[in-house]
Structure formats: C-alpha cells, structure tokens
$ cat my_file20.cif   # mmCIF, C-alpha atoms and all ligand atoms
data_target
#
loop_
_atom_site.label_atom_id
_atom_site.label_comp_id
_atom_site.auth_asym_id
_atom_site.auth_seq_id
_atom_site.Cartn_x
_atom_site.Cartn_y
_atom_site.Cartn_z
CA MET R 585 56.09 -24.71 8.53
CA TRP R 586 53.55 -22.84 10.73
CA PRO R 587 51.15 -20.80 8.63
CA TYR R 588 48.84 -20.36 11.64
CA PRO R 589 48.41 -17.64 14.27
CA THR R 590 51.03 -17.43 17.04
CA TYR R 591 48.87 -16.71 20.08
CA LEU R 592 45.80 -18.83 20.87
CA ALA R 593 43.22 -18.66 23.62
CA HIS R 594 43.33 -21.97 25.52
CA ARG R 595 39.98 -23.73 25.92
CA GLY R 596 38.26 -20.73 24.37
CA GLY R 597 38.75 -18.07 26.99
CA GLY R 598 41.58 -19.39 29.15
CA LYS R 599 40.99 -18.85 32.84
CA LEU R 600 38.77 -15.82 32.32
CA ALA R 601 35.56 -17.70 31.47
CA PRO R 602 34.20 -21.24 31.90
CA GLU R 603 36.41 -23.36 29.66
CA ASN R 604 35.16 -24.82 26.38
CA THR R 605 31.88 -22.89 26.34
CA MET R 606 30.37 -20.30 24.01
CA ALA R 607 30.97 -17.76 26.80
CA ALA R 608 34.67 -18.66 26.61
CA LEU R 609 34.67 -18.03 22.88
CA ARG R 610 33.02 -14.63 23.42
CA CYS R 611 35.58 -13.84 26.12
CA GLY R 612 38.42 -14.67 23.73
CA LEU R 613 36.91 -12.39 21.12
CA GLU R 614 36.50 -9.59 23.65
CA HIS R 615 40.23 -9.88 24.33
CA GLY R 616 40.95 -9.66 20.61
CA PHE R 617 41.70 -13.33 19.95
CA HIS R 618 40.86 -14.79 16.56
CA ALA R 619 42.59 -18.08 17.27
CA VAL R 620 41.50 -20.71 19.75
CA GLU R 621 42.34 -24.15 21.13
CA PHE R 622 39.55 -26.36 22.45
CA ASP R 623 38.90 -30.01 23.30
CA VAL R 624 36.46 -32.39 21.63
CA MET R 625 35.16 -35.81 22.65
CA LEU R 626 32.23 -38.02 21.78
CA ALA R 627 28.97 -38.30 23.62
CA ARG R 628 27.21 -41.69 23.93
CA ASP R 629 25.45 -41.25 20.60
CA GLY R 630 28.73 -40.57 18.82
CA VAL R 631 28.09 -36.84 18.46
CA PRO R 632 31.15 -34.75 19.34
CA VAL R 633 30.92 -32.17 22.11
CA VAL R 634 33.35 -29.53 23.36
CA MET R 635 34.61 -30.87 26.66
CA HIS R 636 37.93 -31.47 28.39
CA ASP R 637 37.28 -34.07 31.10
CA PRO R 638 35.83 -37.48 30.20
CA TYR R 639 33.64 -37.24 33.31
CA LEU R 640 31.17 -34.80 34.78
CA GLY R 641 31.65 -33.05 38.09
CA ARG R 642 34.41 -30.49 37.59
CA THR R 643 33.08 -28.17 34.88
CA VAL R 644 29.71 -29.74 34.27
CA ALA R 645 27.24 -30.25 37.08
CA GLY R 646 26.37 -33.93 37.36
CA THR R 647 27.95 -37.34 37.76
CA GLY R 648 29.18 -40.14 35.53
CA ASN R 649 31.06 -40.12 32.26
CA VAL R 650 30.56 -38.02 29.15
CA PHE R 651 29.85 -41.21 27.18
CA ASP R 652 27.00 -42.09 29.58
CA TYR R 653 24.98 -39.27 28.00
CA ASP R 654 23.76 -38.36 24.54
CA ALA R 655 24.95 -35.05 23.12
CA GLY R 656 21.47 -33.58 23.43
CA GLU R 657 21.49 -34.30 27.15
CA LEU R 658 24.96 -32.80 27.60
CA ALA R 659 23.92 -29.76 25.59
CA ALA R 660 21.29 -29.06 28.26
CA MET R 661 23.69 -29.36 31.21
CA ASP R 662 25.13 -26.51 33.23
CA ALA R 663 28.78 -25.96 32.23
CA GLY R 664 29.06 -22.44 33.59
CA SER R 665 28.05 -22.07 37.21
CA TRP R 666 31.18 -23.83 38.55
CA PHE R 667 33.05 -20.78 37.25
CA GLY R 668 30.65 -18.13 38.45
CA GLU R 669 26.97 -17.66 39.09
CA ARG R 670 26.63 -15.29 36.14
CA TYR R 671 27.58 -18.13 33.82
CA ARG R 672 24.75 -20.39 34.94
CA GLY R 673 22.95 -21.39 31.78
CA GLU R 674 26.11 -21.93 29.73
CA THR R 675 25.90 -25.45 28.40
CA VAL R 676 28.19 -28.04 26.84
CA PRO R 677 28.51 -26.94 23.19
CA LEU R 678 28.07 -29.35 20.34
CA PHE R 679 31.29 -29.38 18.34
CA ALA R 680 29.36 -28.53 15.16
CA ASP R 681 27.87 -25.41 16.79
CA PHE R 682 31.15 -24.33 18.33
CA ALA R 683 33.06 -24.76 15.08
CA ALA R 684 30.33 -22.94 13.15
CA ALA R 685 30.59 -20.02 15.58
CA CYS R 686 34.36 -19.95 15.08
CA ARG R 687 33.90 -19.85 11.34
CA ALA R 688 31.26 -17.14 11.58
CA HIS R 689 33.64 -14.94 13.57
CA GLY R 690 36.78 -15.74 11.60
CA ILE R 691 38.37 -17.59 14.51
CA TRP R 692 41.12 -20.03 13.57
CA MET R 693 40.81 -23.39 15.33
CA ASN R 694 43.25 -25.80 16.89
CA ILE R 695 40.87 -28.69 17.50
CA GLU R 696 42.26 -31.00 20.15
CA ILE R 697 40.81 -34.48 19.71
CA LYS R 698 40.40 -35.66 23.29
CA PRO R 699 39.03 -39.20 23.16
CA ALA R 700 37.44 -40.70 26.23
CA PRO R 701 39.33 -43.89 27.11
CA GLY R 702 38.61 -46.60 24.53
CA PHE R 703 37.14 -44.22 21.94
CA ASP R 704 40.36 -43.05 20.28
CA SER R 705 39.82 -44.22 16.76
CA GLN R 706 36.12 -43.43 16.66
CA THR R 707 36.71 -39.90 17.97
CA GLY R 708 39.43 -39.20 15.42
CA THR R 709 37.23 -40.43 12.58
CA VAL R 710 34.15 -38.44 13.58
CA VAL R 711 35.91 -35.17 14.40
CA ALA R 712 38.02 -35.21 11.26
CA GLY R 713 35.06 -36.20 9.10
CA LEU R 714 32.85 -33.39 10.40
CA THR R 715 35.64 -30.85 10.14
CA ALA R 716 36.43 -31.86 6.57
CA ALA R 717 32.75 -31.58 5.64
CA MET R 718 32.70 -28.08 7.08
CA PHE R 719 35.88 -27.02 5.29
CA GLY R 720 35.14 -28.47 1.86
CA PRO R 721 35.87 -25.27 -0.10
CA GLU R 722 39.09 -24.61 1.83
CA LEU R 723 40.27 -28.20 1.35
CA ALA R 724 39.80 -27.75 -2.37
CA ARG R 725 42.22 -24.80 -2.33
CA ASP R 726 45.78 -25.73 -1.55
CA ASP R 727 46.28 -23.24 1.29
CA ALA R 728 47.12 -24.73 4.70
CA ALA R 729 46.57 -21.42 6.48
CA LEU R 730 42.85 -21.64 5.75
CA LEU R 731 42.44 -24.99 7.49
CA PRO R 732 42.07 -25.79 11.17
CA LEU R 733 44.74 -27.92 12.82
CA LEU R 734 43.76 -31.22 14.47
CA SER R 735 45.93 -32.21 17.42
CA SER R 736 45.89 -35.09 19.88
CA PHE R 737 47.90 -36.94 22.47
CA SER R 738 46.34 -40.08 20.99
CA ARG R 739 48.30 -41.53 18.08
CA GLU R 740 45.36 -43.80 17.36
CA ALA R 741 42.98 -40.84 17.07
CA LEU R 742 45.36 -39.02 14.73
CA ALA R 743 45.76 -42.09 12.53
CA ALA R 744 41.98 -42.38 12.28
CA ALA R 745 41.72 -38.65 11.52
CA ARG R 746 44.23 -39.03 8.72
CA ALA R 747 42.28 -41.94 7.23
CA ALA R 748 39.00 -39.99 7.44
CA ALA R 749 40.34 -36.65 6.18
CA PRO R 750 43.88 -36.89 4.81
CA GLY R 751 43.81 -33.26 3.67
CA LEU R 752 43.40 -31.83 7.17
CA PRO R 753 46.69 -31.01 8.92
CA ARG R 754 47.55 -32.87 12.12
CA ALA R 755 49.80 -32.18 15.10
CA LEU R 756 51.13 -34.66 17.63
CA LEU R 757 50.72 -33.59 21.25
CA VAL R 758 53.37 -34.76 23.70
CA ASP R 759 53.92 -33.72 27.28
CA ARG R 760 57.69 -34.10 26.93
CA LEU R 761 59.84 -34.36 23.84
CA GLU R 762 61.22 -37.79 24.59
CA GLY R 763 60.92 -41.32 23.23
CA SER R 764 59.46 -41.86 19.79
CA TRP R 765 57.93 -38.42 19.16
CA GLU R 766 59.78 -37.84 15.90
CA THR R 767 59.11 -41.30 14.43
CA ASP R 768 55.48 -41.13 15.52
CA ALA R 769 54.99 -37.64 14.07
CA ARG R 770 56.47 -38.71 10.76
CA ALA R 771 54.38 -41.88 10.67
CA LEU R 772 51.27 -39.74 11.13
CA ASP R 773 52.39 -37.12 8.57
CA ALA R 774 52.05 -34.53 11.32
CA VAL R 775 52.96 -30.96 10.43
CA ALA R 776 53.64 -29.84 13.98
CA ILE R 777 54.59 -30.93 17.48
CA HIS R 778 52.59 -29.53 20.40
CA THR R 779 54.34 -29.82 23.73
CA ASN R 780 54.37 -28.64 27.33
CA HIS R 781 56.51 -25.51 27.52
CA LYS R 782 57.69 -26.50 31.01
CA PHE R 783 59.96 -29.18 29.62
CA LEU R 784 61.15 -27.32 26.54
CA THR R 785 64.81 -26.31 26.19
CA PRO R 786 66.50 -24.33 23.41
CA ALA R 787 68.15 -27.56 22.21
CA LEU R 788 64.86 -29.43 22.03
CA ALA R 789 63.19 -26.53 20.22
CA GLN R 790 66.00 -26.56 17.69
CA GLN R 791 65.65 -30.31 17.25
CA VAL R 792 61.95 -30.00 16.44
CA LYS R 793 62.54 -27.14 14.00
CA GLN R 794 65.43 -28.90 12.29
CA ALA R 795 63.28 -31.99 11.88
CA GLY R 796 60.94 -29.77 9.85
CA PHE R 797 57.97 -29.54 12.21
CA GLY R 798 56.08 -26.53 13.45
CA LEU R 799 56.45 -26.12 17.22
CA PHE R 800 53.58 -25.14 19.48
CA CYS R 801 53.53 -24.94 23.28
CA TYR R 802 50.84 -25.20 25.92
CA THR R 803 49.93 -23.52 28.27
CA VAL R 804 51.99 -20.37 28.69
CA ASN R 805 50.68 -17.88 31.21
CA ASP R 806 53.77 -15.84 31.99
CA PRO R 807 54.58 -13.08 29.46
CA ALA R 808 58.34 -13.37 30.09
CA ARG R 809 58.22 -17.11 29.42
CA ALA R 810 56.26 -16.47 26.21
CA ARG R 811 58.98 -14.06 25.00
CA THR R 812 61.70 -16.56 25.88
CA ILE R 813 60.28 -19.56 24.07
CA VAL R 814 59.27 -17.55 21.01
CA ALA R 815 62.91 -16.43 20.86
CA TRP R 816 63.87 -20.11 20.90
CA GLY R 817 61.85 -20.63 17.72
CA VAL R 818 58.45 -21.65 19.09
CA ASP R 819 55.89 -20.90 16.39
CA GLY R 820 52.75 -20.79 18.45
CA LEU R 821 51.40 -21.08 21.97
CA CYS R 822 48.14 -21.10 23.84
CA THR R 823 47.48 -19.17 27.00
CA ASP R 824 45.00 -19.06 29.87
CA ARG R 825 45.92 -15.46 30.66
CA LEU R 826 44.35 -13.53 27.85
CA ASP R 827 44.75 -10.43 29.99
CA LEU R 828 48.56 -10.81 30.12
CA ILE R 829 49.30 -12.40 26.75
CA GLY R 830 47.19 -10.96 23.98
CA PRO R 831 46.50 -11.95 20.39
CA HIS R 832 49.71 -10.19 19.32
CA GLY R 833 51.87 -11.37 22.22
CA PRO R 834 52.66 -10.27 25.77
CA ARG R 835 50.69 -7.12 26.50
O1 LIG R 901 46.21 -28.61 23.24
C1 LIG R 901 47.07 -28.16 24.24
C2 LIG R 901 46.55 -28.41 25.63
O2 LIG R 901 45.21 -28.03 25.70
C3 LIG R 901 46.72 -29.83 26.07
O3 LIG R 901 46.36 -30.07 27.38
O4 LIG R 901 44.81 -30.84 29.13
O5 LIG R 901 44.78 -28.46 28.45
O6 LIG R 901 43.88 -30.21 26.94
P1 LIG R 901 44.88 -29.89 27.99
MG MG R 902 43.40 -29.01 25.18
#

$ encode --input "my_file20.cif" --output "structure tokens" --more "lines below"
Ligand code: G3P
Ligand code: MG
Amino acid sequence: MWPYPTYLAHRGGGKLAPENTMAALRCGLEHGFHAVEFDVMLARDGVPVVMHDPYLGRTVAGTGNVFDYDAGELAAMDAGSWFGERYRGETVPLFADFAAACRAHGIWMNIEIKPAPGFDSQTGTVVAGLTAAMFGPELARDDAALLPLLSSFSREALAAARAAAPGLPRALLVDRLEGSWETDARALDAVAIHTNHKFLTPALAQQVKQAGFGLFCYTVNDPARARTIVAWGVDGLCTDRLDLIGPHGPR
C-alpha cells in the first residue's frame, strides 16, 4: 500500500535551507534524508521549475507571476538570499535538473504538481510526461517502490498526469479528509491520500487505510506528533524540522 520511505524532507531541506533549491536538497542529504517532497509549476515557456508560490517576492527576489517569466529567466533569479546571505546565488531549479540530482543521489521523490491558477491540466501533463521519460527503465519493471509519487491538490492536474503517464503512481492531496476525497481518489486511480496532519484523527486514519489507500501527512514538525500519527497507521510524512525528525523518525 505504501512501498515508499516513511520520512521525507519537505521542500528539499525543510526550514533549514531555502526551500525548493539545490541547497535544500544538499541540506536534506546532510541530515541523512534520501526522500524528498518538492513543488513543481510551469514557467511561461511551459518548462517546469521547482517553486512553491505562483508569484515572486517571498522566496524569489522580484515581482510578478512565475508564468510571466521563461524558465531560463527564473533559473537565473536569486532564490536563496531571502533565507540567508550565504545562500545568495541559489537559483530557481529547473525540474529536470532537480529530478536528475535526486536520481544521481538515490533520493526518492514525492513530486507535488503545483499548477499556477489556470494551468492545472498543462502542468499535470508536462510534469508526468517528463518524469515518465526519466523513469523509462523503472516503468518497464513492475516495482512501484522504484517510481516517484506524483501528488496534487488539483484533481485536474492529476487526471492529466494519468492520461500522460498512466504507469506513474498518483496521490490526492487534501487539506481535510471531508467531502468527496474517497470518490475522487478512486476516480483518479490514486494509490495514496496526502493530508494535513492537523485535522487527522485515529478514525479518519483508519477510514483511509480501510479504503485501501496509503496515508501520508504534511507537515509534521513535532517528534511526539510524528510518533502519534505513525501509531495511528500513517505510512509517511514530510517534515520541516530535519534536525528533530530524521530519516528514520524522531531523533
Ligand atoms: O505535499 C505536501 C505539502 O507540501 C503540501 O502543502 O503548501 O507545503 O506545498 P505545501
Ligand atoms: Mg508541497
């Protein structure tokens, strides 16, 4: 049901490095993590980049929207100095480069498809297509553990990802387990539900497991909370506090 690692570094290096950068990936590795969650969206030219916000200004110096710029322009922008002067020079990674670095270091990926508003379907198609091209040999072997997991809050993006690369596993992201999550997850052939741990209860965890899905929680920064929800049956979680929750669990 969940053949993947249990503990993932959120946005590459959690809160210990500028999120979604190569420096974040290095930080995760330094803390022993070989499993990572990160966010991907499209630049103006349709090239996917590793980025959380659909606009500049918080983590990337500049103004406007991500889709106002080509990937090459974003890849030259400062995505590090907001976090600390020593990270000046970190740039917005191209998804292809970031994923290649993960593969080179044996880092398992939970790729969150994070479409900018209005680009849901296109983002799902492009990200899934590129990922499938990269994982051709693994897709040919029938071993889910070898594949990255695509997740998204956007049902439309996940449907497009399925159409583009049906062999790649998908997870539905929901803030709360309410409404049509189960029907939607089944309609998308999702293998897992990713949800906010703050709203999880033992009963809800049991419901997800009994429905046959893997259960993953974001973003757990308290070691005691991590122990609690894993005891409830949570299969995986991502954390910002790599110093408190390590690759093998609470330190
Ligand atoms: O993928 C889990 C988590 O990252 C979802 O929320 O906003 O941190 O991307 P966010
Ligand atoms: Mg995310």

$ closest_residue --input "my_file20.cif" --among "R:Glu740, R:Glu762, R:Asp824, R:Glu603" --to "Tyr671 (chain R)" --atoms "all atoms listed in the file"
R:Glu603

$ closest_residue --input "my_file20.cif" --among "R:Ala712, R:Leu600, R:Ala728, R:Ile695" --to "ligand MG 902 (chain R)" --atoms "all atoms listed in the file"
R:Ile695

$ residues_around --input "my_file20.cif" --residues "Cys801 (chain R)" --least-positions-apart "3" --cutoff "6 Å" --atoms "all atoms listed in the file" --output "PDB file with C-alpha atoms, in the frame of the given file"
ATOM      1  CA  HIS R 778      52.590 -29.530  20.400  1.00  0.00           C
ATOM      2  CA  THR R 779      54.340 -29.820  23.730  1.00  0.00           C
ATOM      3  CA  ASN R 780      54.370 -28.640  27.330  1.00  0.00           C
ATOM      4  CA  HIS R 781      56.510 -25.510  27.520  1.00  0.00           C
ATOM      5  CA  LEU R 821      51.400 -21.080  21.970  1.00  0.00           C
TER       6      LEU R 821
END

$ residues_near_ligand --input "my_file20.cif" --ligand "ligand MG 902 (chain R)" --cutoff "10 Å" --atoms "only C-alpha atoms and all ligand atoms" --output "VMD selection string"
chain R and resid 594 to 596 604 621 to 624 635 to 637 694 to 698 735 to 737 757 802 to 803 822

$ residues_near_point --input "my_file20.cif" --point "(48.3, -7.8, 18.8)" --cutoff "12 Å" --atoms "only C-alpha atoms" --output "ChimeraX atom specification"
/R:589-592,615-619,826,828-835

$ closest_residue --input "my_file20.cif" --among "R:Ala683, R:Ala660, R:Ala795, R:Val711" --to "Leu609 (chain R)" --atoms "all atoms listed in the file"
R:Ala683

$ residues_around --input "my_file20.cif" --residues "Met661 (chain R)" --least-positions-apart "5" --cutoff "10 Å" --atoms "only C-alpha atoms" --output "MDAnalysis selection string"
chainID R and resid 640 644:646 655:656 672:677

$ write_last_selection --input "my_file20.cif" --atoms "C-alpha atoms" --output "short mmCIF file (atom, residue, chain, number, x, y, z; two decimals), in the coordinates of the input"
data_model
loop_
_atom_site.label_atom_id
_atom_site.label_comp_id
_atom_site.auth_asym_id
_atom_site.auth_seq_id
_atom_site.Cartn_x
_atom_site.Cartn_y
_atom_site.Cartn_z
CA LEU R 640 31.17 -34.80 34.78
CA VAL R 644 29.71 -29.74 34.27
CA ALA R 645 27.24 -30.25 37.08
CA GLY R 646 26.37 -33.93 37.36
CA ALA R 655 24.95 -35.05 23.12
CA GLY R 656 21.47 -33.58 23.43
CA ARG R 672 24.75 -20.39 34.94
CA GLY R 673 22.95 -21.39 31.78
CA GLU R 674 26.11 -21.93 29.73
CA THR R 675 25.90 -25.45 28.40
CA VAL R 676 28.19 -28.04 26.84
CA PRO R 677 28.51 -26.94 23.19
#

$ axis_aligned_box --input "my_file20.cif" --around "region 597-609 of chain R" --padding-each-side "4 Å" --output "lines of an AutoDock Vina configuration file"
center_x = 36.0
center_y = -20.3
center_z = 27.9
size_x = 19.2
size_y = 17.0
size_z = 18.0
